[in-house]
file input_28.txt (compact mmCIF, N, CA and C atoms)
# COMPACT_ATOMS: atom_id res chain seq x y z
N MET A 234 16.07 -70.07 -38.72
CA MET A 234 15.50 -71.40 -38.65
C MET A 234 15.60 -72.04 -40.03
N THR A 235 16.15 -73.23 -40.07
CA THR A 235 16.27 -73.94 -41.34
C THR A 235 14.93 -74.57 -41.73
N LYS A 236 14.83 -74.96 -42.98
CA LYS A 236 13.59 -75.61 -43.45
C LYS A 236 13.36 -76.92 -42.70
N ILE A 237 14.44 -77.62 -42.37
CA ILE A 237 14.31 -78.87 -41.61
C ILE A 237 13.76 -78.58 -40.23
N ASP A 238 14.30 -77.56 -39.56
CA ASP A 238 13.79 -77.18 -38.24
C ASP A 238 12.32 -76.78 -38.31
N LEU A 239 11.99 -76.02 -39.35
CA LEU A 239 10.60 -75.59 -39.53
C LEU A 239 9.69 -76.79 -39.74
N THR A 240 10.13 -77.72 -40.56
CA THR A 240 9.36 -78.93 -40.83
C THR A 240 9.12 -79.73 -39.55
N VAL A 241 10.15 -79.90 -38.76
CA VAL A 241 10.04 -80.64 -37.50
C VAL A 241 9.07 -79.94 -36.55
N GLU A 242 9.17 -78.63 -36.47
CA GLU A 242 8.31 -77.87 -35.57
C GLU A 242 6.85 -77.92 -36.01
N ILE A 243 6.61 -77.83 -37.31
CA ILE A 243 5.23 -77.93 -37.81
C ILE A 243 4.68 -79.33 -37.55
N LYS A 244 5.50 -80.35 -37.75
CA LYS A 244 5.06 -81.72 -37.44
C LYS A 244 4.69 -81.85 -35.96
N ARG A 245 5.48 -81.24 -35.10
CA ARG A 245 5.19 -81.29 -33.66
C ARG A 245 3.85 -80.64 -33.36
N ILE A 246 3.59 -79.52 -33.99
CA ILE A 246 2.31 -78.82 -33.78
C ILE A 246 1.15 -79.67 -34.30
N LEU A 247 1.31 -80.24 -35.49
CA LEU A 247 0.26 -81.10 -36.04
C LEU A 247 0.03 -82.31 -35.13
N ALA A 248 1.10 -82.87 -34.60
CA ALA A 248 0.96 -84.02 -33.70
C ALA A 248 0.21 -83.63 -32.44
N ASP A 249 0.54 -82.46 -31.88
CA ASP A 249 -0.15 -81.99 -30.67
C ASP A 249 -1.63 -81.75 -30.92
N VAL A 250 -1.95 -81.11 -32.02
CA VAL A 250 -3.33 -80.73 -32.31
C VAL A 250 -4.15 -81.92 -32.79
N LEU A 251 -3.58 -82.73 -33.67
CA LEU A 251 -4.35 -83.78 -34.32
C LEU A 251 -4.18 -85.16 -33.68
N GLY A 252 -3.16 -85.33 -32.84
CA GLY A 252 -2.92 -86.62 -32.24
C GLY A 252 -2.64 -87.70 -33.28
N LEU A 253 -1.71 -87.43 -34.18
CA LEU A 253 -1.46 -88.33 -35.30
C LEU A 253 -0.63 -89.56 -34.95
N GLY A 254 0.07 -89.53 -33.85
CA GLY A 254 0.87 -90.68 -33.45
C GLY A 254 1.89 -91.06 -34.51
N GLU A 255 1.95 -92.37 -34.79
CA GLU A 255 2.94 -92.89 -35.74
C GLU A 255 2.71 -92.42 -37.17
N ARG A 256 1.48 -92.02 -37.51
CA ARG A 256 1.21 -91.54 -38.87
C ARG A 256 2.06 -90.31 -39.20
N LEU A 257 2.45 -89.57 -38.19
CA LEU A 257 3.26 -88.38 -38.39
C LEU A 257 4.61 -88.72 -39.02
N ASN A 258 5.17 -89.87 -38.65
CA ASN A 258 6.48 -90.26 -39.19
C ASN A 258 6.45 -90.47 -40.69
N ALA A 259 5.31 -90.85 -41.24
CA ALA A 259 5.19 -91.10 -42.67
C ALA A 259 4.90 -89.83 -43.47
N MET A 260 4.71 -88.71 -42.79
CA MET A 260 4.34 -87.47 -43.46
C MET A 260 5.52 -86.89 -44.22
N LYS A 261 5.31 -86.69 -45.51
CA LYS A 261 6.32 -86.10 -46.38
C LYS A 261 5.75 -84.85 -47.02
N SER A 262 6.56 -84.16 -47.79
CA SER A 262 6.15 -82.91 -48.41
C SER A 262 4.88 -83.05 -49.25
N ASP A 263 4.75 -84.17 -49.95
CA ASP A 263 3.60 -84.36 -50.83
C ASP A 263 2.41 -85.06 -50.17
N THR A 264 2.49 -85.26 -48.86
CA THR A 264 1.38 -85.89 -48.14
C THR A 264 0.17 -84.97 -48.14
N LEU A 265 -0.94 -85.48 -48.64
CA LEU A 265 -2.18 -84.71 -48.64
C LEU A 265 -2.68 -84.52 -47.22
N LEU A 266 -3.12 -83.32 -46.92
CA LEU A 266 -3.68 -83.04 -45.60
C LEU A 266 -5.21 -83.01 -45.67
N LEU A 267 -5.74 -82.02 -46.39
CA LEU A 267 -7.20 -81.90 -46.49
C LEU A 267 -7.78 -83.11 -47.21
N GLY A 268 -8.77 -83.72 -46.60
CA GLY A 268 -9.42 -84.87 -47.19
C GLY A 268 -8.70 -86.18 -46.97
N ASN A 269 -7.49 -86.11 -46.43
CA ASN A 269 -6.70 -87.31 -46.20
C ASN A 269 -6.56 -87.64 -44.71
N ILE A 270 -6.63 -86.62 -43.89
CA ILE A 270 -6.50 -86.80 -42.44
C ILE A 270 -7.85 -86.49 -41.81
N PRO A 271 -8.56 -87.52 -41.35
CA PRO A 271 -9.90 -87.30 -40.81
C PRO A 271 -9.96 -86.30 -39.66
N GLU A 272 -8.90 -86.23 -38.89
CA GLU A 272 -8.86 -85.32 -37.74
C GLU A 272 -8.75 -83.86 -38.15
N LEU A 273 -8.39 -83.60 -39.40
CA LEU A 273 -8.18 -82.23 -39.86
C LEU A 273 -9.50 -81.64 -40.35
N ASP A 274 -10.26 -81.14 -39.39
CA ASP A 274 -11.53 -80.47 -39.71
C ASP A 274 -11.37 -78.97 -39.49
N SER A 275 -12.45 -78.24 -39.63
CA SER A 275 -12.35 -76.77 -39.54
C SER A 275 -11.88 -76.31 -38.17
N ILE A 276 -12.32 -76.98 -37.12
CA ILE A 276 -11.88 -76.61 -35.76
C ILE A 276 -10.39 -76.88 -35.60
N ALA A 277 -9.92 -78.00 -36.13
CA ALA A 277 -8.49 -78.33 -36.05
C ALA A 277 -7.66 -77.31 -36.83
N ILE A 278 -8.15 -76.87 -37.97
CA ILE A 278 -7.42 -75.87 -38.75
C ILE A 278 -7.26 -74.58 -37.97
N VAL A 279 -8.33 -74.13 -37.33
CA VAL A 279 -8.25 -72.91 -36.52
C VAL A 279 -7.26 -73.11 -35.38
N THR A 280 -7.30 -74.27 -34.73
CA THR A 280 -6.38 -74.57 -33.63
C THR A 280 -4.94 -74.59 -34.12
N ILE A 281 -4.71 -75.17 -35.29
CA ILE A 281 -3.36 -75.21 -35.86
C ILE A 281 -2.87 -73.80 -36.17
N ILE A 282 -3.72 -72.99 -36.77
CA ILE A 282 -3.34 -71.61 -37.09
C ILE A 282 -2.96 -70.86 -35.83
N LEU A 283 -3.76 -71.00 -34.79
CA LEU A 283 -3.46 -70.32 -33.52
C LEU A 283 -2.13 -70.82 -32.94
N ALA A 284 -1.89 -72.12 -33.03
CA ALA A 284 -0.63 -72.68 -32.51
C ALA A 284 0.56 -72.18 -33.34
N LEU A 285 0.40 -72.08 -34.64
CA LEU A 285 1.47 -71.56 -35.49
C LEU A 285 1.77 -70.10 -35.17
N GLU A 286 0.72 -69.32 -35.00
CA GLU A 286 0.90 -67.90 -34.65
C GLU A 286 1.64 -67.76 -33.33
N ARG A 287 1.23 -68.52 -32.36
CA ARG A 287 1.84 -68.45 -31.02
C ARG A 287 3.28 -68.94 -31.07
N ASN A 288 3.51 -70.07 -31.72
CA ASN A 288 4.83 -70.68 -31.73
C ASN A 288 5.86 -69.85 -32.51
N PHE A 289 5.45 -69.27 -33.62
CA PHE A 289 6.38 -68.54 -34.48
C PHE A 289 6.26 -67.02 -34.34
N SER A 290 5.44 -66.56 -33.41
CA SER A 290 5.25 -65.12 -33.18
C SER A 290 4.91 -64.38 -34.47
N ILE A 291 3.91 -64.92 -35.17
CA ILE A 291 3.44 -64.32 -36.40
C ILE A 291 1.94 -64.08 -36.30
N SER A 292 1.43 -63.32 -37.24
CA SER A 292 0.00 -63.09 -37.35
C SER A 292 -0.44 -63.56 -38.73
N ILE A 293 -1.45 -64.42 -38.75
CA ILE A 293 -1.98 -64.94 -40.01
C ILE A 293 -3.37 -64.38 -40.20
N LYS A 294 -3.54 -63.61 -41.26
CA LYS A 294 -4.84 -63.01 -41.54
C LYS A 294 -5.74 -64.02 -42.26
N ASP A 295 -7.04 -63.86 -42.07
CA ASP A 295 -8.01 -64.77 -42.67
C ASP A 295 -7.83 -64.87 -44.18
N ASP A 296 -7.56 -63.74 -44.84
CA ASP A 296 -7.46 -63.77 -46.29
C ASP A 296 -6.16 -64.39 -46.80
N GLU A 297 -5.25 -64.75 -45.90
CA GLU A 297 -4.02 -65.43 -46.29
C GLU A 297 -4.19 -66.95 -46.33
N ILE A 298 -5.27 -67.42 -45.75
CA ILE A 298 -5.52 -68.85 -45.63
C ILE A 298 -6.52 -69.28 -46.69
N SER A 299 -6.17 -70.39 -47.35
CA SER A 299 -7.10 -71.00 -48.30
C SER A 299 -6.92 -72.51 -48.21
N ALA A 300 -7.71 -73.22 -48.96
CA ALA A 300 -7.58 -74.68 -48.99
C ALA A 300 -6.19 -75.07 -49.49
N ARG A 301 -5.61 -74.27 -50.35
CA ARG A 301 -4.26 -74.56 -50.87
C ARG A 301 -3.21 -74.56 -49.76
N THR A 302 -3.41 -73.75 -48.74
CA THR A 302 -2.47 -73.68 -47.63
C THR A 302 -2.36 -75.04 -46.94
N PHE A 303 -3.49 -75.74 -46.84
CA PHE A 303 -3.53 -77.03 -46.16
C PHE A 303 -3.69 -78.19 -47.14
N ASP A 304 -3.39 -77.96 -48.41
CA ASP A 304 -3.52 -79.01 -49.41
C ASP A 304 -2.57 -80.16 -49.13
N THR A 305 -1.29 -79.84 -48.97
CA THR A 305 -0.27 -80.85 -48.65
C THR A 305 0.57 -80.34 -47.47
N PHE A 306 1.32 -81.26 -46.90
CA PHE A 306 2.22 -80.85 -45.82
C PHE A 306 3.25 -79.86 -46.34
N GLY A 307 3.75 -80.09 -47.54
CA GLY A 307 4.73 -79.17 -48.14
C GLY A 307 4.16 -77.78 -48.36
N ALA A 308 2.89 -77.71 -48.75
CA ALA A 308 2.26 -76.40 -48.94
C ALA A 308 2.20 -75.64 -47.62
N LEU A 309 1.91 -76.34 -46.54
CA LEU A 309 1.86 -75.70 -45.23
C LEU A 309 3.25 -75.23 -44.81
N VAL A 310 4.25 -76.06 -45.03
CA VAL A 310 5.64 -75.67 -44.70
C VAL A 310 6.05 -74.45 -45.53
N ASN A 311 5.75 -74.46 -46.82
CA ASN A 311 6.10 -73.33 -47.68
C ASN A 311 5.39 -72.05 -47.25
N PHE A 312 4.13 -72.17 -46.85
CA PHE A 312 3.38 -71.01 -46.37
C PHE A 312 4.07 -70.41 -45.15
N LEU A 313 4.43 -71.26 -44.20
CA LEU A 313 5.08 -70.78 -42.98
C LEU A 313 6.45 -70.21 -43.27
N GLU A 314 7.16 -70.84 -44.18
CA GLU A 314 8.48 -70.34 -44.56
C GLU A 314 8.37 -68.92 -45.12
N GLN A 315 7.36 -68.69 -45.96
CA GLN A 315 7.15 -67.36 -46.53
C GLN A 315 6.74 -66.36 -45.45
N LYS A 316 5.86 -66.78 -44.53
CA LYS A 316 5.43 -65.88 -43.44
C LYS A 316 6.63 -65.47 -42.59
N LEU A 317 7.51 -66.41 -42.30
CA LEU A 317 8.69 -66.09 -41.48
C LEU A 317 9.65 -65.20 -42.25
N ALA A 318 9.80 -65.42 -43.54
CA ALA A 318 10.66 -64.56 -44.36
C ALA A 318 10.11 -63.14 -44.39
N ASP A 319 8.78 -63.02 -44.55
CA ASP A 319 8.14 -61.70 -44.53
C ASP A 319 8.34 -61.02 -43.19
N LYS A 320 8.19 -61.76 -42.12
CA LYS A 320 8.36 -61.22 -40.77
C LYS A 320 9.79 -60.73 -40.58
N ASN A 321 10.77 -61.54 -40.99
CA ASN A 321 12.16 -61.17 -40.84
C ASN A 321 12.51 -59.96 -41.71
N HIS A 322 11.94 -59.90 -42.89
CA HIS A 322 12.17 -58.77 -43.79
C HIS A 322 11.63 -57.47 -43.16
N LEU A 323 10.44 -57.56 -42.57
CA LEU A 323 9.85 -56.37 -41.94
C LEU A 323 10.66 -55.92 -40.74
N SER A 324 11.13 -56.88 -39.94
CA SER A 324 11.88 -56.49 -38.74
C SER A 324 13.25 -55.91 -39.11
N ILE A 325 13.82 -56.34 -40.22
CA ILE A 325 15.10 -55.76 -40.66
C ILE A 325 14.92 -54.35 -41.16
N ASN A 326 13.78 -54.07 -41.80
CA ASN A 326 13.55 -52.76 -42.39
C ASN A 326 12.94 -51.74 -41.42
N THR A 327 12.64 -52.15 -40.20
CA THR A 327 12.06 -51.20 -39.25
C THR A 327 13.06 -50.74 -38.25
call {"tool": "encode", "arguments": {"input": "input_28.txt", "output": "structure tokens"}}
result
Amino acid sequence: MTKIDLTVEIKRILADVLGLGERLNAMKSDTLLLGNIPELDSIAIVTIILALERNFSISIKDDEISARTFDTFGALVNFLEQKLADKNHLSINT
């Protein structure tokens, strides 16, 4: 999966969970998430994490998540990119 594909898929998940509508089109790597999107509350974060786990067949542990993970859209994409790289690395070595 390319970074562009990953970005599109994460945007789709955010749109589904948060109902961002047209605001999603303006979302760039440096777009602030926490404190900038009123719909992004603690329940939405849990829902997003569950959707990411289900969609990408990954497991995200509580201690892997911090406010930095959801600081910007780019931070979230980078987090997922690393999780997928770790997953692929583990599956290659097993």
call {"tool": "atom_distance", "arguments": {"input": "input_28.txt", "atom1": "atom CA of A:Thr235", "atom2": "atom CA of A:Glu272"}}
result
27.8 Å
call {"tool": "closest_residue", "arguments": {"input": "input_28.txt", "among": "A:Lys236, A:Gly268, A:Asp249, A:Gly254", "to": "A:Asp304", "atoms": "all atoms listed in the file"}}
result
A:Gly268
call {"tool": "residues_around", "arguments": {"input": "input_28.txt", "residues": "stretch 243-246 of chain A", "least_positions_apart": "2", "cutoff": "8 Å", "atoms": "all atoms listed in the file", "output": "list in words"}}
result
Ile237, Asp238, Leu239, Thr240, Val241, Ala248, Asp249, Val250, Leu251, Gly252, Leu257, Thr280, Ile281, Ala284, Leu285, Leu309 and Val310 of chain A
call {"tool": "residues_around", "arguments": {"input": "input_28.txt", "residues": "A:Leu267", "least_positions_apart": "2", "cutoff": "8 Å", "atoms": "all atoms listed in the file", "output": "PDB file with N, CA and C atoms, in the frame of the given file"}}
result
ATOM      1  N   THR A 264       2.490 -85.260 -48.860  1.00  0.00           N
ATOM      2  CA  THR A 264       1.380 -85.890 -48.140  1.00  0.00           C
ATOM      3  C   THR A 264       0.170 -84.970 -48.140  1.00  0.00           C
ATOM      4  N   LEU A 265      -0.940 -85.480 -48.640  1.00  0.00           N
ATOM      5  CA  LEU A 265      -2.180 -84.710 -48.640  1.00  0.00           C
ATOM      6  C   LEU A 265      -2.680 -84.520 -47.220  1.00  0.00           C
ATOM      7  N   ASN A 269      -7.490 -86.110 -46.430  1.00  0.00           N
ATOM      8  CA  ASN A 269      -6.700 -87.310 -46.200  1.00  0.00           C
ATOM      9  C   ASN A 269      -6.560 -87.640 -44.710  1.00  0.00           C
ATOM     10  N   ILE A 270      -6.630 -86.620 -43.890  1.00  0.00           N
ATOM     11  CA  ILE A 270      -6.500 -86.800 -42.440  1.00  0.00           C
ATOM     12  C   ILE A 270      -7.850 -86.490 -41.810  1.00  0.00           C
ATOM     13  N   PRO A 271      -8.560 -87.520 -41.350  1.00  0.00           N
ATOM     14  CA  PRO A 271      -9.900 -87.300 -40.810  1.00  0.00           C
ATOM     15  C   PRO A 271      -9.960 -86.300 -39.660  1.00  0.00           C
ATOM     16  N   LEU A 273      -8.390 -83.600 -39.400  1.00  0.00           N
ATOM     17  CA  LEU A 273      -8.180 -82.230 -39.860  1.00  0.00           C
ATOM     18  C   LEU A 273      -9.500 -81.640 -40.350  1.00  0.00           C
ATOM     19  N   ASP A 274     -10.260 -81.140 -39.390  1.00  0.00           N
ATOM     20  CA  ASP A 274     -11.530 -80.470 -39.710  1.00  0.00           C
ATOM     21  C   ASP A 274     -11.370 -78.970 -39.490  1.00  0.00           C
ATOM     22  N   ALA A 300      -7.710 -73.220 -48.960  1.00  0.00           N
ATOM     23  CA  ALA A 300      -7.580 -74.680 -48.990  1.00  0.00           C
ATOM     24  C   ALA A 300      -6.190 -75.070 -49.490  1.00  0.00           C
ATOM     25  N   THR A 302      -3.410 -73.750 -48.740  1.00  0.00           N
ATOM     26  CA  THR A 302      -2.470 -73.680 -47.630  1.00  0.00           C
ATOM     27  C   THR A 302      -2.360 -75.040 -46.940  1.00  0.00           C
ATOM     28  N   PHE A 303      -3.490 -75.740 -46.840  1.00  0.00           N
ATOM     29  CA  PHE A 303      -3.530 -77.030 -46.160  1.00  0.00           C
ATOM     30  C   PHE A 303      -3.690 -78.190 -47.140  1.00  0.00           C
ATOM     31  N   ASP A 304      -3.390 -77.960 -48.410  1.00  0.00           N
ATOM     32  CA  ASP A 304      -3.520 -79.010 -49.410  1.00  0.00           C
ATOM     33  C   ASP A 304      -2.570 -80.160 -49.130  1.00  0.00           C
ATOM     34  N   THR A 305      -1.290 -79.840 -48.970  1.00  0.00           N
ATOM     35  CA  THR A 305      -0.270 -80.850 -48.650  1.00  0.00           C
ATOM     36  C   THR A 305       0.570 -80.340 -47.470  1.00  0.00           C
ATOM     37  N   PHE A 306       1.320 -81.260 -46.900  1.00  0.00           N
ATOM     38  CA  PHE A 306       2.220 -80.850 -45.820  1.00  0.00           C
ATOM     39  C   PHE A 306       3.250 -79.860 -46.340  1.00  0.00           C
TER      40      PHE A 306
END
call {"tool": "select_by_dssp", "arguments": {"input": "input_28.txt", "residues": "chain A", "states": "alpha helix (DSSP H)", "output": "ChimeraX atom specification"}}
result
/A:236-251,275-289,306-326
call {"tool": "closest_residue", "arguments": {"input": "input_28.txt", "among": "A:Ile282, A:Ser290, A:Asp295, A:Gly307", "to": "A:Leu266", "atoms": "only C-alpha atoms"}}
result
A:Gly307
call {"tool": "atom_distance", "arguments": {"input": "input_28.txt", "atom1": "atom C of A:Glu255", "atom2": "atom N of A:Ile278"}}
result
19.0 Å
call {"tool": "atom_distance", "arguments": {"input": "input_28.txt", "atom1": "atom C of A:Asp319", "atom2": "atom N of A:Met260"}}
result
27.9 Å
call {"tool": "residues_near_point", "arguments": {"input": "input_28.txt", "point": "(11.3, -66.3, -37.9)", "cutoff": "8 Å", "atoms": "only C-alpha atoms", "output": "list in words"}}
result
Met234, Phe289, Ser290, Leu317, Ala318, Lys320 and Asn321 of chain A
call {"tool": "write_last_selection", "arguments": {"input": "input_28.txt", "atoms": "N, CA and C atoms", "output": "short mmCIF file (atom, residue, chain, number, x, y, z; two decimals), in the frame of the given file"}}
result
data_model
loop_
_atom_site.label_atom_id
_atom_site.label_comp_id
_atom_site.auth_asym_id
_atom_site.auth_seq_id
_atom_site.Cartn_x
_atom_site.Cartn_y
_atom_site.Cartn_z
N MET A 234 16.07 -70.07 -38.72
CA MET A 234 15.50 -71.40 -38.65
C MET A 234 15.60 -72.04 -40.03
N PHE A 289 5.45 -69.27 -33.62
CA PHE A 289 6.38 -68.54 -34.48
C PHE A 289 6.26 -67.02 -34.34
N SER A 290 5.44 -66.56 -33.41
CA SER A 290 5.25 -65.12 -33.18
C SER A 290 4.91 -64.38 -34.47
N LEU A 317 7.51 -66.41 -42.30
CA LEU A 317 8.69 -66.09 -41.48
C LEU A 317 9.65 -65.20 -42.25
N ALA A 318 9.80 -65.42 -43.54
CA ALA A 318 10.66 -64.56 -44.36
C ALA A 318 10.11 -63.14 -44.39
N LYS A 320 8.19 -61.76 -42.12
CA LYS A 320 8.36 -61.22 -40.77
C LYS A 320 9.79 -60.73 -40.58
N ASN A 321 10.77 -61.54 -40.99
CA ASN A 321 12.16 -61.17 -40.84
C ASN A 321 12.51 -59.96 -41.71
#
call {"tool": "build_atoms", "arguments": {"input": "input_28.txt", "residues": "stretch 282-305 of chain A", "atoms": "N, CA, C and O atoms", "output": "CSV table (one decimal), in the coordinates of the input"}}
result
chain,number,residue,atom,x,y,z
A,282,ILE,N,-3.7,-73.0,-36.8
A,282,ILE,CA,-3.3,-71.6,-37.1
A,282,ILE,C,-3.0,-70.9,-35.8
A,282,ILE,O,-1.9,-70.2,-35.8
A,283,LEU,N,-3.8,-71.0,-34.8
A,283,LEU,CA,-3.5,-70.3,-33.5
A,283,LEU,C,-2.1,-70.8,-32.9
A,283,LEU,O,-1.3,-70.0,-32.4
A,284,ALA,N,-1.9,-72.1,-33.0
A,284,ALA,CA,-0.6,-72.7,-32.5
A,284,ALA,C,0.6,-72.2,-33.3
A,284,ALA,O,1.6,-71.9,-32.8
A,285,LEU,N,0.4,-72.1,-34.6
A,285,LEU,CA,1.5,-71.6,-35.5
A,285,LEU,C,1.8,-70.1,-35.2
A,285,LEU,O,2.9,-69.7,-35.1
A,286,GLU,N,0.7,-69.3,-35.0
A,286,GLU,CA,0.9,-67.9,-34.6
A,286,GLU,C,1.6,-67.8,-33.3
A,286,GLU,O,2.6,-67.0,-33.2
A,287,ARG,N,1.2,-68.5,-32.4
A,287,ARG,CA,1.8,-68.4,-31.0
A,287,ARG,C,3.3,-68.9,-31.1
A,287,ARG,O,4.2,-68.3,-30.5
A,288,ASN,N,3.5,-70.1,-31.7
A,288,ASN,CA,4.8,-70.7,-31.7
A,288,ASN,C,5.9,-69.8,-32.5
A,288,ASN,O,7.0,-69.8,-32.1
A,289,PHE,N,5.4,-69.3,-33.6
A,289,PHE,CA,6.4,-68.5,-34.5
A,289,PHE,C,6.3,-67.0,-34.3
A,289,PHE,O,6.9,-66.3,-35.1
A,290,SER,N,5.4,-66.6,-33.4
A,290,SER,CA,5.2,-65.1,-33.2
A,290,SER,C,4.9,-64.4,-34.5
A,290,SER,O,5.5,-63.4,-34.8
A,291,ILE,N,3.9,-64.9,-35.2
A,291,ILE,CA,3.4,-64.3,-36.4
A,291,ILE,C,1.9,-64.1,-36.3
A,291,ILE,O,1.3,-64.6,-35.4
A,292,SER,N,1.4,-63.3,-37.2
A,292,SER,CA,0.0,-63.1,-37.4
A,292,SER,C,-0.4,-63.6,-38.7
A,292,SER,O,0.2,-63.2,-39.7
A,293,ILE,N,-1.4,-64.4,-38.8
A,293,ILE,CA,-2.0,-64.9,-40.0
A,293,ILE,C,-3.4,-64.4,-40.2
A,293,ILE,O,-4.3,-64.6,-39.4
A,294,LYS,N,-3.5,-63.6,-41.3
A,294,LYS,CA,-4.8,-63.0,-41.5
A,294,LYS,C,-5.7,-64.0,-42.3
A,294,LYS,O,-5.3,-64.9,-43.0
A,295,ASP,N,-7.0,-63.9,-42.1
A,295,ASP,CA,-8.0,-64.8,-42.7
A,295,ASP,C,-7.8,-64.9,-44.2
A,295,ASP,O,-7.9,-66.0,-44.8
A,296,ASP,N,-7.6,-63.7,-44.8
A,296,ASP,CA,-7.5,-63.8,-46.3
A,296,ASP,C,-6.2,-64.4,-46.8
A,296,ASP,O,-6.0,-64.6,-48.0
A,297,GLU,N,-5.2,-64.8,-45.9
A,297,GLU,CA,-4.0,-65.4,-46.3
A,297,GLU,C,-4.2,-67.0,-46.3
A,297,GLU,O,-3.3,-67.6,-46.9
A,298,ILE,N,-5.3,-67.4,-45.8
A,298,ILE,CA,-5.5,-68.8,-45.6
A,298,ILE,C,-6.5,-69.3,-46.7
A,298,ILE,O,-7.5,-68.6,-46.9
A,299,SER,N,-6.2,-70.4,-47.4
A,299,SER,CA,-7.1,-71.0,-48.3
A,299,SER,C,-6.9,-72.5,-48.2
A,299,SER,O,-6.0,-73.0,-47.5
A,300,ALA,N,-7.7,-73.2,-49.0
A,300,ALA,CA,-7.6,-74.7,-49.0
A,300,ALA,C,-6.2,-75.1,-49.5
A,300,ALA,O,-5.6,-76.1,-49.1
A,301,ARG,N,-5.6,-74.3,-50.4
A,301,ARG,CA,-4.3,-74.6,-50.9
A,301,ARG,C,-3.2,-74.6,-49.8
A,301,ARG,O,-2.2,-75.3,-49.8
A,302,THR,N,-3.4,-73.8,-48.7
A,302,THR,CA,-2.5,-73.7,-47.6
A,302,THR,C,-2.4,-75.0,-46.9
A,302,THR,O,-1.3,-75.4,-46.5
A,303,PHE,N,-3.5,-75.7,-46.8
A,303,PHE,CA,-3.5,-77.0,-46.2
A,303,PHE,C,-3.7,-78.2,-47.1
A,303,PHE,O,-4.1,-79.3,-46.7
A,304,ASP,N,-3.4,-78.0,-48.4
A,304,ASP,CA,-3.5,-79.0,-49.4
A,304,ASP,C,-2.6,-80.2,-49.1
A,304,ASP,O,-3.0,-81.3,-49.1
A,305,THR,N,-1.3,-79.8,-49.0
A,305,THR,CA,-0.3,-80.8,-48.6
A,305,THR,C,0.6,-80.3,-47.5
A,305,THR,O,0.6,-79.1,-47.2
